[in-house]
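Student: This structure is in structure tokens; I'll ask about it shortly.
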Amino acid sequence: MALSNKSKVWIFDLDDTLHNASAHIFPVMNRTMTEYIMDHLSLDESAAHHLRQHYWRIYGATLKGLMRHHGTSPHHFLEDTHKLHNLPEMVLEVKRLRHLLQSLPGRKLVFTNAPRNYALRVLDILGISDCFELIFSVESTKYHGKPSVRGFQMLLKTIHAKASDCVMLEDSLPALMTAKRLGMTTIWVTKKQQKPNFVDYRIDKVLALTHLRL
């Protein structure tokens, strides 16, 4: 049975979903994370780079691997790697995004593996922070970020919603796989043409959401 629009819960990833983080933010952040690993684990740049990528592939987040295998403090890591003093110049404007969000009937929230302070800064720069009832950050999941099912379950408990009421917009396939397994409607934000069967819809940018009939 189709959801009535007002009962929908729209769950938006932040980076590379609501805005383009790959253009300016991720290259700087990846370099900062590699430097952090070099400093704290006494590795050379190549080894630190490979370890960062390895943990991201295995756990969906570099931080989770560092916490599990090296006892890294999540607070220190996130604060150190997300300073980004010139963030306003790094965030690309998304025209009509605010209008799109305001026109969506139902509840809207952000579910991100980024730290809360960074997420709020980006949303403020985009001018859309007041469009969401909740920012569910990596701290909110007690560092069990996407694609961990535990983080999703904590989110659903927090918002008192059933997975079947939720529509997840995300650029990460592992996160969408978890969302689908729980019973959410899944929308993959990507330029790629082929979509796996656990993805219900594919759009090339979040603004294309207006063309979908859900």
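Quick note on naming: the chains in the structure tokens go A, B, ... in the order shown, residues restart at 1 in each chain, and ligands are numbered from 1 in order of appearance.
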For region 22-104 of chain A against region 204-209 of chain A, with a cut-off of 12 Å and counting only C-alpha atoms, what is the closest atom pair and its distance in Å to one decimal for every residue that makes the cut, ordered by chain and number, as a Markdown table?
Tutor:
```
| residue | atom | partner | partner_atom | distance |
| --- | --- | --- | --- | --- |
| A:Val94 | CA | A:Leu207 | CA | 8.6 |
| A:Lys95 | CA | A:Leu207 | CA | 8.9 |
| A:Arg96 | CA | A:Leu207 | CA | 7.6 |
| A:Leu97 | CA | A:Leu207 | CA | 6.6 |
| A:Arg98 | CA | A:Leu207 | CA | 9.9 |
| A:His99 | CA | A:Leu207 | CA | 9.7 |
| A:Leu100 | CA | A:Leu207 | CA | 6.9 |
| A:Leu101 | CA | A:Leu207 | CA | 9.2 |
| A:Ser103 | CA | A:Leu209 | CA | 11.0 |
| A:Leu104 | CA | A:Leu209 | CA | 9.6 |
```
Student: Using only C-alpha atoms, find each residue of region 75-184 of chain A with at least one atom at most 7 Å away from an atom of region 12-29 of chain A; report its shortest atom-to-atom pair and that distance in Å (one decimal), sort the rows by chain and rising residue number, and return the result as CSV.
Tutor:
```
residue,atom,partner,partner_atom,distance
A:Thr81,CA,A:Met29,CA,6.3
A:His82,CA,A:Met29,CA,6.9
A:Met90,CA,A:His24,CA,5.4
A:Leu92,CA,A:Asn20,CA,6.5
A:Val94,CA,A:His19,CA,6.7
A:Leu109,CA,A:Phe12,CA,6.2
A:Val110,CA,A:Phe12,CA,4.7
A:Phe111,CA,A:Asp13,CA,5.2
A:Thr112,CA,A:Asp13,CA,5.4
A:Met168,CA,A:Phe12,CA,6.1
A:Leu169,CA,A:Phe12,CA,5.0
A:Glu170,CA,A:Asp13,CA,5.1
A:Asp171,CA,A:Thr17,CA,5.8
```
Student: Nearest to Ala179 (chain A): which of A:Asp124, A:Asp200, A:Glu133, A:Glu35 is it, counting only C-alpha atoms?
Tutor: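 Distance minimum relative to Ala179 (chain A) lands on A:Asp200.
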Student: Could you name the residues that touch region 51-65 of chain A at 8 Å or less, counting only C-alpha atoms, but leaving out those on the same chain fewer than 6 positions away, as a PyMOL selection string?
Tutor: chain A and resi 33-34+37+72+74+77+113+143-147+174
Student: Choose the residue, out of A:Arg181, A:His40, A:His75, A:Lys157, that has the smallest atom-to-atom separation from Asn197 (chain A); count only C-alpha atoms.
Tutor: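 Selected residue with least distance to Asn197 (chain A): A:Arg181.
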Student: Can you list every residue in region 18-204 of chain A that DSSP puts in alpha helix (DSSP H), as a PDB file with C-alpha atoms, in the first residue's frame?
Tutor:
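The resulting file, out10.pdb, is shown below:
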```pdb
ATOM      1  CA  ILE A  25      35.652  19.214   0.917  1.00  0.00           C
ATOM      2  CA  PHE A  26      36.532  15.524   0.612  1.00  0.00           C
ATOM      3  CA  PRO A  27      39.999  16.050  -0.937  1.00  0.00           C
ATOM      4  CA  VAL A  28      40.973  18.270   2.001  1.00  0.00           C
ATOM      5  CA  MET A  29      39.323  15.998   4.570  1.00  0.00           C
ATOM      6  CA  ASN A  30      40.969  12.876   3.152  1.00  0.00           C
ATOM      7  CA  ARG A  31      44.359  14.554   3.316  1.00  0.00           C
ATOM      8  CA  THR A  32      43.699  15.701   6.891  1.00  0.00           C
ATOM      9  CA  MET A  33      42.648  12.179   7.937  1.00  0.00           C
ATOM     10  CA  THR A  34      45.762  10.694   6.346  1.00  0.00           C
ATOM     11  CA  GLU A  35      47.921  13.216   8.229  1.00  0.00           C
ATOM     12  CA  TYR A  36      46.113  12.373  11.466  1.00  0.00           C
ATOM     13  CA  ILE A  37      46.875   8.665  10.975  1.00  0.00           C
ATOM     14  CA  MET A  38      50.503   9.471  10.128  1.00  0.00           C
ATOM     15  CA  ASP A  39      50.890  11.501  13.331  1.00  0.00           C
ATOM     16  CA  HIS A  40      49.051   9.197  15.716  1.00  0.00           C
ATOM     17  CA  LEU A  41      50.101   5.805  14.376  1.00  0.00           C
ATOM     18  CA  GLU A  45      52.048   8.833   4.058  1.00  0.00           C
ATOM     19  CA  SER A  46      51.550   5.830   1.781  1.00  0.00           C
ATOM     20  CA  ALA A  47      50.790   3.422   4.633  1.00  0.00           C
ATOM     21  CA  ALA A  48      48.462   5.910   6.308  1.00  0.00           C
ATOM     22  CA  HIS A  49      46.621   6.536   3.033  1.00  0.00           C
ATOM     23  CA  HIS A  50      46.076   2.822   2.446  1.00  0.00           C
ATOM     24  CA  LEU A  51      44.961   2.227   6.049  1.00  0.00           C
ATOM     25  CA  ARG A  52      42.434   5.078   5.805  1.00  0.00           C
ATOM     26  CA  GLN A  53      40.974   3.631   2.605  1.00  0.00           C
ATOM     27  CA  HIS A  54      41.015   0.077   3.995  1.00  0.00           C
ATOM     28  CA  TYR A  55      38.981   1.041   7.060  1.00  0.00           C
ATOM     29  CA  TRP A  56      36.563   3.054   4.932  1.00  0.00           C
ATOM     30  CA  ARG A  57      35.963   0.031   2.691  1.00  0.00           C
ATOM     31  CA  ILE A  58      35.614  -2.440   5.577  1.00  0.00           C
ATOM     32  CA  TYR A  59      33.589  -0.364   8.032  1.00  0.00           C
ATOM     33  CA  THR A  62      37.731   5.404   8.716  1.00  0.00           C
ATOM     34  CA  LEU A  63      36.954   6.369  12.308  1.00  0.00           C
ATOM     35  CA  LYS A  64      35.335   3.028  13.124  1.00  0.00           C
ATOM     36  CA  GLY A  65      38.481   1.134  12.123  1.00  0.00           C
ATOM     37  CA  LEU A  66      40.695   3.493  14.106  1.00  0.00           C
ATOM     38  CA  MET A  67      38.514   3.135  17.197  1.00  0.00           C
ATOM     39  CA  ARG A  68      38.292  -0.650  16.916  1.00  0.00           C
ATOM     40  CA  HIS A  69      41.928  -1.411  16.191  1.00  0.00           C
ATOM     41  CA  HIS A  70      43.881   1.515  17.648  1.00  0.00           C
ATOM     42  CA  PRO A  74      36.442   9.718  18.289  1.00  0.00           C
ATOM     43  CA  HIS A  75      36.051  13.236  19.725  1.00  0.00           C
ATOM     44  CA  HIS A  76      39.685  14.105  19.058  1.00  0.00           C
ATOM     45  CA  PHE A  77      39.706  12.570  15.581  1.00  0.00           C
ATOM     46  CA  LEU A  78      36.510  14.320  14.453  1.00  0.00           C
ATOM     47  CA  GLU A  79      37.516  17.683  15.875  1.00  0.00           C
ATOM     48  CA  ASP A  80      40.966  17.485  14.318  1.00  0.00           C
ATOM     49  CA  THR A  81      39.835  16.377  10.853  1.00  0.00           C
ATOM     50  CA  LEU A  87      34.294  25.848   4.756  1.00  0.00           C
ATOM     51  CA  PRO A  88      32.046  28.649   3.421  1.00  0.00           C
ATOM     52  CA  GLU A  89      34.217  28.817   0.291  1.00  0.00           C
ATOM     53  CA  MET A  90      34.200  25.015  -0.058  1.00  0.00           C
ATOM     54  CA  LEU A  97      17.246  23.180  -2.696  1.00  0.00           C
ATOM     55  CA  ARG A  98      15.433  25.074   0.038  1.00  0.00           C
ATOM     56  CA  HIS A  99      12.311  25.300  -2.127  1.00  0.00           C
ATOM     57  CA  LEU A 100      12.456  21.549  -2.813  1.00  0.00           C
ATOM     58  CA  LEU A 101      12.744  20.669   0.872  1.00  0.00           C
ATOM     59  CA  GLN A 102       9.935  22.996   1.897  1.00  0.00           C
ATOM     60  CA  SER A 103       7.669  21.531  -0.781  1.00  0.00           C
ATOM     61  CA  ARG A 116      27.261  17.313  14.355  1.00  0.00           C
ATOM     62  CA  ASN A 117      29.166  20.599  14.368  1.00  0.00           C
ATOM     63  CA  TYR A 118      30.357  20.102  10.780  1.00  0.00           C
ATOM     64  CA  ALA A 119      26.874  19.064   9.608  1.00  0.00           C
ATOM     65  CA  LEU A 120      25.290  22.151  11.162  1.00  0.00           C
ATOM     66  CA  ARG A 121      27.908  24.409   9.578  1.00  0.00           C
ATOM     67  CA  VAL A 122      27.253  22.952   6.120  1.00  0.00           C
ATOM     68  CA  LEU A 123      23.470  23.167   6.494  1.00  0.00           C
ATOM     69  CA  ASP A 124      23.731  26.762   7.683  1.00  0.00           C
ATOM     70  CA  ILE A 125      25.915  27.678   4.703  1.00  0.00           C
ATOM     71  CA  LEU A 126      23.384  26.023   2.382  1.00  0.00           C
ATOM     72  CA  VAL A 149      22.288  -1.525  11.218  1.00  0.00           C
ATOM     73  CA  ARG A 150      22.671  -0.420  14.845  1.00  0.00           C
ATOM     74  CA  GLY A 151      22.869   3.236  13.824  1.00  0.00           C
ATOM     75  CA  PHE A 152      19.742   2.912  11.697  1.00  0.00           C
ATOM     76  CA  GLN A 153      17.877   1.228  14.541  1.00  0.00           C
ATOM     77  CA  MET A 154      18.885   4.015  16.926  1.00  0.00           C
ATOM     78  CA  LEU A 155      17.587   6.573  14.449  1.00  0.00           C
ATOM     79  CA  LEU A 156      14.215   4.817  14.054  1.00  0.00           C
ATOM     80  CA  LYS A 157      13.856   4.560  17.822  1.00  0.00           C
ATOM     81  CA  THR A 158      14.685   8.249  18.244  1.00  0.00           C
ATOM     82  CA  ILE A 159      12.118   9.434  15.694  1.00  0.00           C
ATOM     83  CA  LEU A 173      25.302   1.852  -1.664  1.00  0.00           C
ATOM     84  CA  PRO A 174      26.229   0.003   1.564  1.00  0.00           C
ATOM     85  CA  ALA A 175      24.059   2.445   3.531  1.00  0.00           C
ATOM     86  CA  LEU A 176      21.194   1.966   1.080  1.00  0.00           C
ATOM     87  CA  MET A 177      21.550  -1.789   1.376  1.00  0.00           C
ATOM     88  CA  THR A 178      21.016  -1.555   5.133  1.00  0.00           C
ATOM     89  CA  ALA A 179      18.096   0.835   4.647  1.00  0.00           C
ATOM     90  CA  LYS A 180      16.422  -1.545   2.197  1.00  0.00           C
ATOM     91  CA  ARG A 181      17.013  -4.553   4.429  1.00  0.00           C
ATOM     92  CA  LEU A 182      15.159  -2.728   7.201  1.00  0.00           C
TER      93      LEU A 182
END
```
Student: Give the strand (DSSP E or B) residues of region 33-205 of chain A, as DSSP finds them on the backbone, and put them as a ChimeraX atom specification.
Tutor: /A:107-111,134-136,166-170,185-189,201-203
Student: Please measure the separation of CA of Leu134 (chain A) and CA of Arg107 (chain A), giving the value in Å to one decimal.
Tutor: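 These atoms are spaced 9.4 Å apart.
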Student: State, in Å with one decimal place, the distance from CA of Leu84 (chain A) to CA of Lys192 (chain A).
Tutor: 29.0 Å
